[in-house]
Number of protein chains: 2
Amino acid sequence: MHRTRDKGHMLWIDLRDRYGLTQLIFEEGKTDKKLIEQARSVGREFVLKATGKVIERVSKNPNMPTGDIEILVTELEVLNPAKLPPFLIEDNTDGGDDLRMKYRYLDLRRDAVRANLQLRHKMAQQTRTYLDGLNFIEVETPVLIKSTPEGARDFVVPSRMNPGEFYALPQSPQTFKQLLMVSGFDRYYQIVKCFRDEDLRADRQPEFTQIDCEMSFITQEDILNTFEGLVRHLFKAVKGIEIGEVPRMTYEYAMKNYGSDKPDIRFGMTFVELNELAQGKGFGVFDEAELVVGICAKDCADYTRKQLDELTDFVKRPQIGAKGLIYVRYNADGSLKSSVDKFYTEDDLKQWATRFEAQPGDLLLILAGPADKTRKQLNELRLEMGNRLGLRKPDEYSVHWVLDFPLLEWSEEENRWFAMHHPFTSPKPEDIPLLDSNPGAVRANAYDMVINGVEVGGGSIRIFNRELQARMFSLLGFSDEEARHQFGFLMDAFEYGAPPHGGIAFGFDRLCSLFGGADSIRDFIAFPKNNAGRDVMIDTPSTISDKQLNELHIRTVAEPK
Amino acid sequence: MHRTRDKGHMLWIDLRDRYGLTQLIFEEGKTDKKLIEQARSVGREFVLKATGKVIERVSKNPNMPTGDIEILVTELEVLNPAKLPPFLIEDNTDGGDDLRMKYRYLDLRRDAVRANLQLRHKMAQQTRTYLDGLNFIEVETPVLIKSTPEGARDFVVPSRMNPGEFYALPQSPQTFKQLLMVSGFDRYYQIVKCFRDEDLRADRQPEFTQIDCEMSFITQEDILNTFEGLVRHLFKAVKGIEIGEVPRMTYEYAMKNYGSDKPDIRFGMTFVELNELAQGKGFGVFDEAELVVGICAKDCADYTRKQLDELTDFVKRPQIGAKGLIYVRYNADGSLKSSVDKFYTEDDLKQWATRFEAQPGDLLLILAGPADKTRKQLNELRLEMGNRLGLRKPDEYSVHWVLDFPLLEWSEEENRWFAMHHPFTSPKPEDIPLLDSNPGAVRANAYDMVINGVEVGGGSIRIFNRELQARMFSLLGFSDEEARHQFGFLMDAFEYGAPPHGGIAFGFDRLCSLFGGADSIRDFIAFPKNNAGRDVMIDTPSTISDKQLNELHIRTVAEPK
């Protein structure tokens, strides 16, 4: 029972189920008196069984799919009564996050959340339709696998039958899908749960779902075409949207023009570099900077002092870390006014404006400093401006690829190279000679799909040769022994006839939330965990019995040994 | 490269991929000499890329789908060489189980195993097609849940962020699917991994896959119809078989007539009870027995002494435990001869034969003892006779329901009641008064689907009322505190408007092996574990680092504390 309206001689009950609302009517003269009394006693969220006659409504409700009819009830049975729920079962509920999560089974009754799960179901269905149609075979890979500490932290499972030993839960089925390629299953997919024991930032879940895919006898081009096809199919089938061509840009281009490897290209405001124009005029901040770079905010020349201060505060926040923000107002009357007028003439500024292709009325926002850092800071400012200017519309979609990622990235903390994607990613053949001389310059056959500034999928062409794989492990600081212990089975497999192969994995939770036009993935997961990794509804994790601990040959310790 | 044939002036290569074999031909006069030499140097399992012209074969092979054509090769590229595999990649391989599992990626190349995984894929596809068509929604339930020791042993996962606490892996999504019903998702399904940390008997896996389903606002009849529909659809879509009506029998009937709650009804040989006819004639074994019961083996009167001794040895094996076996030969000439002629006249035996509806030429096999035990022993003998007589044909399918299981079973060891299905199963309303007076007589709204003597699925109508659920927990020996701690969320949920609901789960691995006509589930799982719960290919479970143990606030102990 969703709600009632009682006009004394008439009483309506809106009956809610998964498919919508249906109005029951009880009317003096037409309905038995006792039945009206019974209907009156029914509370919110009672579970009802009603028998009656479907009749045409006198006053129809064109906003409801069932608004033309109602049911004149002849029998009413309360299948189960209900206590008053702790929050309203409405789109705009009065329940806070914690309460909603504790009573998730009630929260899931709300139309909005229910619709999210139905969207998710449809996304999974359509993913399968597309991939099945291309002869992909869904193969289940194991959940109890081996801990391989490269990458994120593993969840582990103590083995009762093998004392002192542990399984790990998969961070992805990576090695198994590669083995399936070695087995000759040339097109594999799986919609599969994966696990990472990471500190949970907002909107990260310890268990998450991937659309995991791999193909053999292919080039990178085949993969890009196949999987932009998947995303095109999903947009068409689920949202009725034609996304058109899927543009491609290199990692280098993305970093230079957007300061991000997952730029939101629903709007422009690409980076403009000013070094030659801005340096050598006596402004120390610019002169000493590796990079002077800015963006042009259309029609923002009339930003107030307060607004500009807000932007300066924004870039100076510790998470972003800029030292300051330089602005140039290109006023509507053609005059130019900047925060560095002391050092630059209006002519200088005019040249800047020309470089930015700015128009009168625009605002230039400029940062300076070390190149990589400054680009990342400007990326944040660009996204902030996109938000402020309403340029990041949730119902507008831009889909594109970022290609040619670096193979390796240097970790200052650990003083060693890490695989940017993972250790199985193939370097570009033409860059292999650089592996020894300049590893940081080696590009990978790796690609990410970006939708609206969110990385929704990523993959690579894999190494399929034992020597190259061994060399890669060695570059990443594995001893031969470690490499053999952790990944010997894969390197062995490469020796028994492994085809060229590559693949991709999409973050399914994120993809669903993007299709749902929402920022958070949590409401696209039936039973999510909170930021402490807890399910507050079932109250887990929780303690287990000494009997269980004994059987598993472990004990818990308050302090690390 | 699957195999070559070399006739000197001609050379053929059978190229194998997921879709079958294609013959390459290299022929003197038509093929470049160097290319022939190159082809000659290619070894088994090399990965090849061939370019050439599809031509009609001179001698066609009608046994191969591609037997009409071959490819006259103009270019050959070795994409990857291969070491000689440790066993033959053929249907009848020379590899033993251990070797095959260690090199599972090679084993999966064998046609038979590949076909099994393709069958599995098709089974999953068709399951989804059927259930999607009936408006079932697939919802992913969490894998990191709470340990609830009732039932089998849980696998657990130590929580890094919550020291001393653990997640458990689900033995089934039971409580979550019930909560989804409370949420109003009236038709749910999921093809989902489940986990049980049990000692592995042959053909049990620590992780296994279920087709898990639940429905609201239904009766048992609705569930039976919906899911015999699923199995009917699978047989039709996957094997082209019409299974016809799905018979139903009660648990009581099954036990009385077959001595099993999962009888193989591909053949008759149902039990015949002889107490009134056989007792009181001075044969102590029968006179003292609670039950004298037998089967009639058609056309087996000519069994030799040796064959009869084998059967006696069979029932006396410790796993079966009968004291002995009585036989009556109903000879072709109409005479009767038994192993108890000392106590019974031919007229007596004639009466038995009549009771069995035996014909001349038949053999009666009779056991005696405590009723339940004896029925179970006779069940084993019946199945053995079914095997010996070739009555259990793997390509013939009988599908039926067993209904009205007891709600509870008594554990002698623990001296308490256990739920026969699980604690959420509803008693039959008419039997609720017996819950206090005679719990063992209470029947449940529980049902199993049996195919060819294998339980492939089981389910029940659930309790959806807090009081009844609490009473059930109390009957099972839970204190109020324990019930609240483990299942409080579910009992709470029942108070906020829970619809009547019920469901079923099918063992997907087993269902696939039945459809594949195989006894073992292992070859229908891509990467199975062995009987010690090990994956010998990736060599797991394995030790983890002290750093990992410390982070997880656990340590391993050689001896239980």
# chains A, B, ... in the order shown; residues from 1 in each chain; ligands from 1

call {"tool": "select_by_dssp", "arguments": {"residues": "region 265-479 of chain B", "states": "strand (DSSP E or B)", "output": "PyMOL selection string"}}
result
chain B and resi 272-273+291-297+326-330+336-338+363-369+399-403+406+408-411+416-419+425+427+443-444+446-451+454-462

call {"tool": "interface_residues", "arguments": {"of": "chain A", "to": "chain B", "cutoff": "6 Å", "atoms": "only C-alpha atoms", "output": "PyMOL selection string"}}
result
chain A and resi 18+45-47+80-83+105-106+108-109+121+138+146+156-157+164-167+179+183-185+489+495-497+538+540-543+550+553-557+560

call {"tool": "closest_residue", "arguments": {"among": "A:Glu27, A:Arg522, A:Asp212, A:Leu76", "to": "Thr51 (chain A)", "atoms": "only C-alpha atoms"}}
result
A:Leu76

call {"tool": "residues_around", "arguments": {"residues": "Asp341 (chain B)", "least_positions_apart": "6", "cutoff": "12 Å", "atoms": "only C-alpha atoms", "output": "list of chain:residue names"}}
result
B:Lys281, B:Gly282, B:Phe283, B:Ile326, B:Tyr327, B:Val328, B:Arg329, B:Asp347, B:Asp348, B:Leu349

call {"tool": "select_by_dssp", "arguments": {"residues": "region 364-430 of chain B", "states": "helix (DSSP H, G or I)", "output": "list in words"}}
result
Ala371, Asp372, Lys373, Thr374, Arg375, Lys376, Gln377, Leu378, Asn379, Glu380, Leu381, Arg382, Leu383, Glu384, Met385, Gly386, Asn387, Arg388, Pro429 and Glu430 of chain B

call {"tool": "residues_around", "arguments": {"residues": "Lys350 (chain B)", "least_positions_apart": "4", "cutoff": "9 Å", "atoms": "only C-alpha atoms", "output": "list in words"}}
result
Tyr330, Ser335, Leu336, Thr345, Glu346, Thr354 and Arg355 of chain B

call {"tool": "atom_distance", "arguments": {"atom1": "CA of Arg375 (chain A)", "atom2": "CA of Ala322 (chain A)"}}
result
10.3 Å

call {"tool": "residues_around", "arguments": {"residues": "Leu274 (chain A)", "least_positions_apart": "2", "cutoff": "9 Å", "atoms": "only C-alpha atoms", "output": "PDB file with all heavy atoms, in the first residue's frame"}}
result
ATOM      1  N   VAL A 272      45.952  26.121 -23.545  1.00  0.00           N
ATOM      2  CA  VAL A 272      46.779  26.938 -24.434  1.00  0.00           C
ATOM      3  C   VAL A 272      48.064  27.266 -23.683  1.00  0.00           C
ATOM      4  O   VAL A 272      48.025  27.731 -22.544  1.00  0.00           O
ATOM      5  CB  VAL A 272      46.034  28.222 -24.848  1.00  0.00           C
ATOM      6  CG1 VAL A 272      46.960  29.136 -25.639  1.00  0.00           C
ATOM      7  CG2 VAL A 272      44.801  27.870 -25.664  1.00  0.00           C
ATOM      8  N   GLU A 276      56.384  31.176 -24.614  1.00  0.00           N
ATOM      9  CA  GLU A 276      57.156  32.181 -25.369  1.00  0.00           C
ATOM     10  C   GLU A 276      56.560  33.574 -25.222  1.00  0.00           C
ATOM     11  O   GLU A 276      57.273  34.571 -25.234  1.00  0.00           O
ATOM     12  CB  GLU A 276      57.253  31.903 -26.869  1.00  0.00           C
ATOM     13  CG  GLU A 276      57.069  30.486 -27.314  1.00  0.00           C
ATOM     14  CD  GLU A 276      55.596  30.161 -27.436  1.00  0.00           C
ATOM     15  OE1 GLU A 276      54.957  30.516 -28.432  1.00  0.00           O
ATOM     16  OE2 GLU A 276      55.086  29.562 -26.463  1.00  0.00           O
ATOM     17  N   LEU A 277      55.206  33.624 -25.075  1.00  0.00           N
ATOM     18  CA  LEU A 277      54.581  34.940 -24.980  1.00  0.00           C
ATOM     19  C   LEU A 277      54.741  35.547 -23.584  1.00  0.00           C
ATOM     20  O   LEU A 277      54.883  36.762 -23.439  1.00  0.00           O
ATOM     21  CB  LEU A 277      53.091  34.848 -25.314  1.00  0.00           C
ATOM     22  CG  LEU A 277      52.744  34.473 -26.773  1.00  0.00           C
ATOM     23  CD1 LEU A 277      51.235  34.417 -26.962  1.00  0.00           C
ATOM     24  CD2 LEU A 277      53.352  35.495 -27.744  1.00  0.00           C
ATOM     25  N   ALA A 278      54.687  34.683 -22.569  1.00  0.00           N
ATOM     26  CA  ALA A 278      54.573  35.214 -21.208  1.00  0.00           C
ATOM     27  C   ALA A 278      55.892  35.299 -20.456  1.00  0.00           C
ATOM     28  O   ALA A 278      55.979  35.998 -19.442  1.00  0.00           O
ATOM     29  CB  ALA A 278      53.592  34.345 -20.404  1.00  0.00           C
ATOM     30  N   GLN A 279      56.883  34.594 -20.963  1.00  0.00           N
ATOM     31  CA  GLN A 279      58.145  34.589 -20.221  1.00  0.00           C
ATOM     32  C   GLN A 279      59.078  35.689 -20.706  1.00  0.00           C
ATOM     33  O   GLN A 279      58.959  36.187 -21.830  1.00  0.00           O
ATOM     34  CB  GLN A 279      58.818  33.216 -20.354  1.00  0.00           C
ATOM     35  CG  GLN A 279      58.046  32.143 -19.568  1.00  0.00           C
ATOM     36  CD  GLN A 279      58.671  30.754 -19.646  1.00  0.00           C
ATOM     37  OE1 GLN A 279      59.283  30.424 -20.655  1.00  0.00           O
ATOM     38  NE2 GLN A 279      58.488  29.988 -18.595  1.00  0.00           N
ATOM     39  N   LEU A 291      56.204  25.562 -17.217  1.00  0.00           N
ATOM     40  CA  LEU A 291      55.061  25.698 -18.133  1.00  0.00           C
ATOM     41  C   LEU A 291      54.121  26.811 -17.655  1.00  0.00           C
ATOM     42  O   LEU A 291      53.800  26.906 -16.479  1.00  0.00           O
ATOM     43  CB  LEU A 291      54.277  24.371 -18.201  1.00  0.00           C
ATOM     44  CG  LEU A 291      53.048  24.345 -19.115  1.00  0.00           C
ATOM     45  CD1 LEU A 291      53.469  24.442 -20.582  1.00  0.00           C
ATOM     46  CD2 LEU A 291      52.232  23.079 -18.889  1.00  0.00           C
ATOM     47  N   VAL A 292      53.730  27.639 -18.629  1.00  0.00           N
ATOM     48  CA  VAL A 292      52.661  28.619 -18.392  1.00  0.00           C
ATOM     49  C   VAL A 292      51.515  28.209 -19.301  1.00  0.00           C
ATOM     50  O   VAL A 292      51.683  28.115 -20.523  1.00  0.00           O
ATOM     51  CB  VAL A 292      53.126  30.051 -18.732  1.00  0.00           C
ATOM     52  CG1 VAL A 292      52.010  31.056 -18.454  1.00  0.00           C
ATOM     53  CG2 VAL A 292      54.389  30.406 -17.975  1.00  0.00           C
ATOM     54  N   VAL A 293      50.384  27.911 -18.705  1.00  0.00           N
ATOM     55  CA  VAL A 293      49.304  27.309 -19.496  1.00  0.00           C
ATOM     56  C   VAL A 293      47.956  27.775 -18.960  1.00  0.00           C
ATOM     57  O   VAL A 293      47.792  28.006 -17.762  1.00  0.00           O
ATOM     58  CB  VAL A 293      49.429  25.761 -19.481  1.00  0.00           C
ATOM     59  CG1 VAL A 293      49.316  25.204 -18.072  1.00  0.00           C
ATOM     60  CG2 VAL A 293      48.427  25.104 -20.417  1.00  0.00           C
ATOM     61  N   GLY A 294      47.000  27.947 -19.870  1.00  0.00           N
ATOM     62  CA  GLY A 294      45.709  28.461 -19.425  1.00  0.00           C
ATOM     63  C   GLY A 294      44.548  27.965 -20.251  1.00  0.00           C
ATOM     64  O   GLY A 294      44.713  27.216 -21.221  1.00  0.00           O
ATOM     65  N   TRP A 352      48.205  37.329 -26.036  1.00  0.00           N
ATOM     66  CA  TRP A 352      47.730  36.133 -25.326  1.00  0.00           C
ATOM     67  C   TRP A 352      46.313  35.773 -25.793  1.00  0.00           C
ATOM     68  O   TRP A 352      46.026  34.628 -26.124  1.00  0.00           O
ATOM     69  CB  TRP A 352      47.673  36.353 -23.808  1.00  0.00           C
ATOM     70  CG  TRP A 352      48.994  36.636 -23.150  1.00  0.00           C
ATOM     71  CD1 TRP A 352      50.189  36.881 -23.751  1.00  0.00           C
ATOM     72  CD2 TRP A 352      49.216  36.706 -21.742  1.00  0.00           C
ATOM     73  NE1 TRP A 352      51.157  37.114 -22.818  1.00  0.00           N
ATOM     74  CE2 TRP A 352      50.587  37.006 -21.559  1.00  0.00           C
ATOM     75  CE3 TRP A 352      48.403  36.549 -20.616  1.00  0.00           C
ATOM     76  CZ2 TRP A 352      51.154  37.159 -20.296  1.00  0.00           C
ATOM     77  CZ3 TRP A 352      48.954  36.687 -19.363  1.00  0.00           C
ATOM     78  CH2 TRP A 352      50.333  36.995 -19.207  1.00  0.00           C
ATOM     79  N   ARG A 355      46.230  34.140 -29.030  1.00  0.00           N
ATOM     80  CA  ARG A 355      46.673  32.758 -28.912  1.00  0.00           C
ATOM     81  C   ARG A 355      45.536  31.861 -28.385  1.00  0.00           C
ATOM     82  O   ARG A 355      45.360  30.731 -28.816  1.00  0.00           O
ATOM     83  CB  ARG A 355      47.879  32.695 -27.952  1.00  0.00           C
ATOM     84  CG  ARG A 355      48.363  31.314 -27.566  1.00  0.00           C
ATOM     85  CD  ARG A 355      49.017  30.558 -28.704  1.00  0.00           C
ATOM     86  NE  ARG A 355      50.185  31.222 -29.261  1.00  0.00           N
ATOM     87  CZ  ARG A 355      51.445  31.024 -28.868  1.00  0.00           C
ATOM     88  NH1 ARG A 355      51.681  30.172 -27.889  1.00  0.00           N
ATOM     89  NH2 ARG A 355      52.461  31.656 -29.433  1.00  0.00           N
ATOM     90  N   ILE A 366      45.013  31.355 -15.989  1.00  0.00           N
ATOM     91  CA  ILE A 366      46.358  30.857 -16.306  1.00  0.00           C
ATOM     92  C   ILE A 366      47.066  30.366 -15.045  1.00  0.00           C
ATOM     93  O   ILE A 366      47.017  30.991 -13.984  1.00  0.00           O
ATOM     94  CB  ILE A 366      47.178  31.995 -16.972  1.00  0.00           C
ATOM     95  CG1 ILE A 366      46.462  32.433 -18.269  1.00  0.00           C
ATOM     96  CG2 ILE A 366      48.600  31.543 -17.280  1.00  0.00           C
ATOM     97  CD1 ILE A 366      46.908  33.782 -18.778  1.00  0.00           C
TER      98      ILE A 366
END

call {"tool": "atom_distance", "arguments": {"atom1": "CA of Ile36 (chain B)", "atom2": "CA of Glu77 (chain B)"}}
result
12.5 Å

call {"tool": "atom_distance", "arguments": {"atom1": "CA of Leu408 (chain A)", "atom2": "CA of Gly457 (chain A)"}}
result
18.8 Å

call {"tool": "residues_around", "arguments": {"residues": "Gly507 (chain A)", "least_positions_apart": "2", "cutoff": "8 Å", "atoms": "only C-alpha atoms", "output": "JSON, numbers by chain"}}
result
{"A": [208, 209, 210, 211, 456, 457, 505, 509, 510, 511]}

call {"tool": "write_last_selection", "arguments": {"atoms": "C-alpha atoms", "output": "PDB file, in the first residue's frame"}}
result
ATOM      1  CA  PHE A 208      32.692  -4.475  -8.061  1.00  0.00           C
ATOM      2  CA  THR A 209      31.592  -5.848 -11.405  1.00  0.00           C
ATOM      3  CA  GLN A 210      33.463  -5.887 -14.692  1.00  0.00           C
ATOM      4  CA  ILE A 211      32.510  -6.628 -18.250  1.00  0.00           C
ATOM      5  CA  VAL A 456      34.751   3.376 -18.098  1.00  0.00           C
ATOM      6  CA  GLY A 457      37.002   0.781 -19.645  1.00  0.00           C
ATOM      7  CA  ALA A 505      37.458  -4.590 -19.144  1.00  0.00           C
ATOM      8  CA  ASP A 509      28.872  -0.330 -11.912  1.00  0.00           C
ATOM      9  CA  ARG A 510      30.266   2.945 -13.250  1.00  0.00           C
ATOM     10  CA  LEU A 511      28.907   2.340 -16.737  1.00  0.00           C
TER      11      LEU A 511
END
